[in-house]
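S.K.: The structure that follows is given in the form of structure tokens.
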Amino acid sequence: MLKRVLAAVLIFGAAPLAMADCEFTIEVGDGLEFSVTEMTAEKSCGKVKVTITHTGTLPAQGMGHNWVLSAAADVDAIAMDGIGAGFDNNYLKPGDERILASTKLVGGGESTSVEFSVADLSGDLMFFCSFPGHSALMKGTFKLV
């Protein structure tokens, strides 16, 4: 089987077998949807980088999006606490230890990234957008293998 895969790579120029996903690019637009709903990374990555790109046209104040990682059980509480933190804090309570990683809010045409260690992460993890009301639809699972 491996010989056939390697032969296909040589003959057809197919991409070689995929390495661990350590870097992710996610698109968001003027709607309430991430371009992916599941992310799987390997612990061997050490660090993971997530980049979000807002492909819409609305400004961050009206339809901003970010990417926040936390334990699945903490998503709703983080989102609720973020409302009081306001736009200037990316709708995230400053110093909230439940937040494992996050980006800033971006509007149409903008992108941003976050890089974080996966060494100590475990359990049921979710990513979501903390803009008020968005977390109900804009969320997905983050798995480590």
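Letters for chains follow the order of the structure tokens (A, B, ...), residue numbers begin at 1 for each chain, and ligand numbers begin at 1 in the order shown.
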Do you know which residues are at most 9 Å from Gly84 (chain A) counting only C-alpha atoms, after dropping those on the same chain fewer than 5 positions away, and could you put them as a PyMOL selection string?

M.R.: chain A and resi 91-93

S.K.: Neighbouring residues of region 52-64 of chain A were defined as those with any atom within 6 Å, considering only C-alpha atoms; residues of the same chain fewer than 2 positions away were excluded. Please report them as a list in words.

M.R.: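 Neighbouring residues, sequence-local ones excluded: Thr25, Ile26, Glu27, Val28, Gly29, Asp30, Leu105, Val106, Gly107, Gly108, Gly109, Glu110, Ser111 and Thr112 of chain A.
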
S.K.: Which residues in region 56-129 of chain A does DSSP call strand (DSSP E or B)? List them as a PyMOL selection string.

M.R.: chain A and resi 65+68-71+99-102+106+111-117+125-128

S.K.: For a test of reading the model, state the distance in Å between CA of Thr103 (chain A) and CA of Asn66 (chain A), rounded to one decimal.

M.R.: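 We find that CA of Thr103 (chain A) and CA of Asn66 (chain A) lie 5.5 Å from each other.
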
S.K.: With distances taken over only C-alpha atoms, which residue among A:Arg98, A:Phe24, A:Val118, A:Asp76 lies nearest Glu38 (chain A)?

M.R.: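 Ranking A:Arg98, A:Phe24, A:Val118, A:Asp76 by distance to Glu38 (chain A), first place goes to A:Phe24.
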
S.K.: Have a look at A:Asn89, A:Ser130, A:Ser102, A:Ser117 and name the one nearest to Thr51 (chain A); count only C-alpha atoms.

M.R.: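 Among A:Asn89, A:Ser130, A:Ser102, A:Ser117, it is A:Ser102 that comes nearest to Thr51 (chain A).
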
S.K.: May I ask for the distance between CA of Leu144 (chain A) and CA of Ile83 (chain A), given in Å to one decimal place?

M.R.: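 So the answer is 29.1 Å.
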
S.K.: Expressed in Å to a single decimal, how great is the separation between CA of Ala72 (chain A) and CA of Thr40 (chain A)?

M.R.: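 Those two atoms sit 15.1 Å apart.
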
S.K.: Using only C-alpha atoms, can you tell me which of A:Met138, A:Ala71, A:Met126, A:Cys22 comes closest to Gly46 (chain A)?

M.R.: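 Closest residue, counting only C-alpha atoms: A:Cys22.
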
S.K.: Mind checking DSSP for chain A and telling me the alpha helix (DSSP H) residues as a PyMOL selection string?

M.R.: chain A and resi 2-12+60-63+75-85

S.K.: May I ask which of the residues A:Glu42, A:Asp88, A:Glu23, A:Glu33 is the closest one to Val145 (chain A), counting only C-alpha atoms?

M.R.: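 Smallest separation from Val145 (chain A) among the options: A:Glu42.
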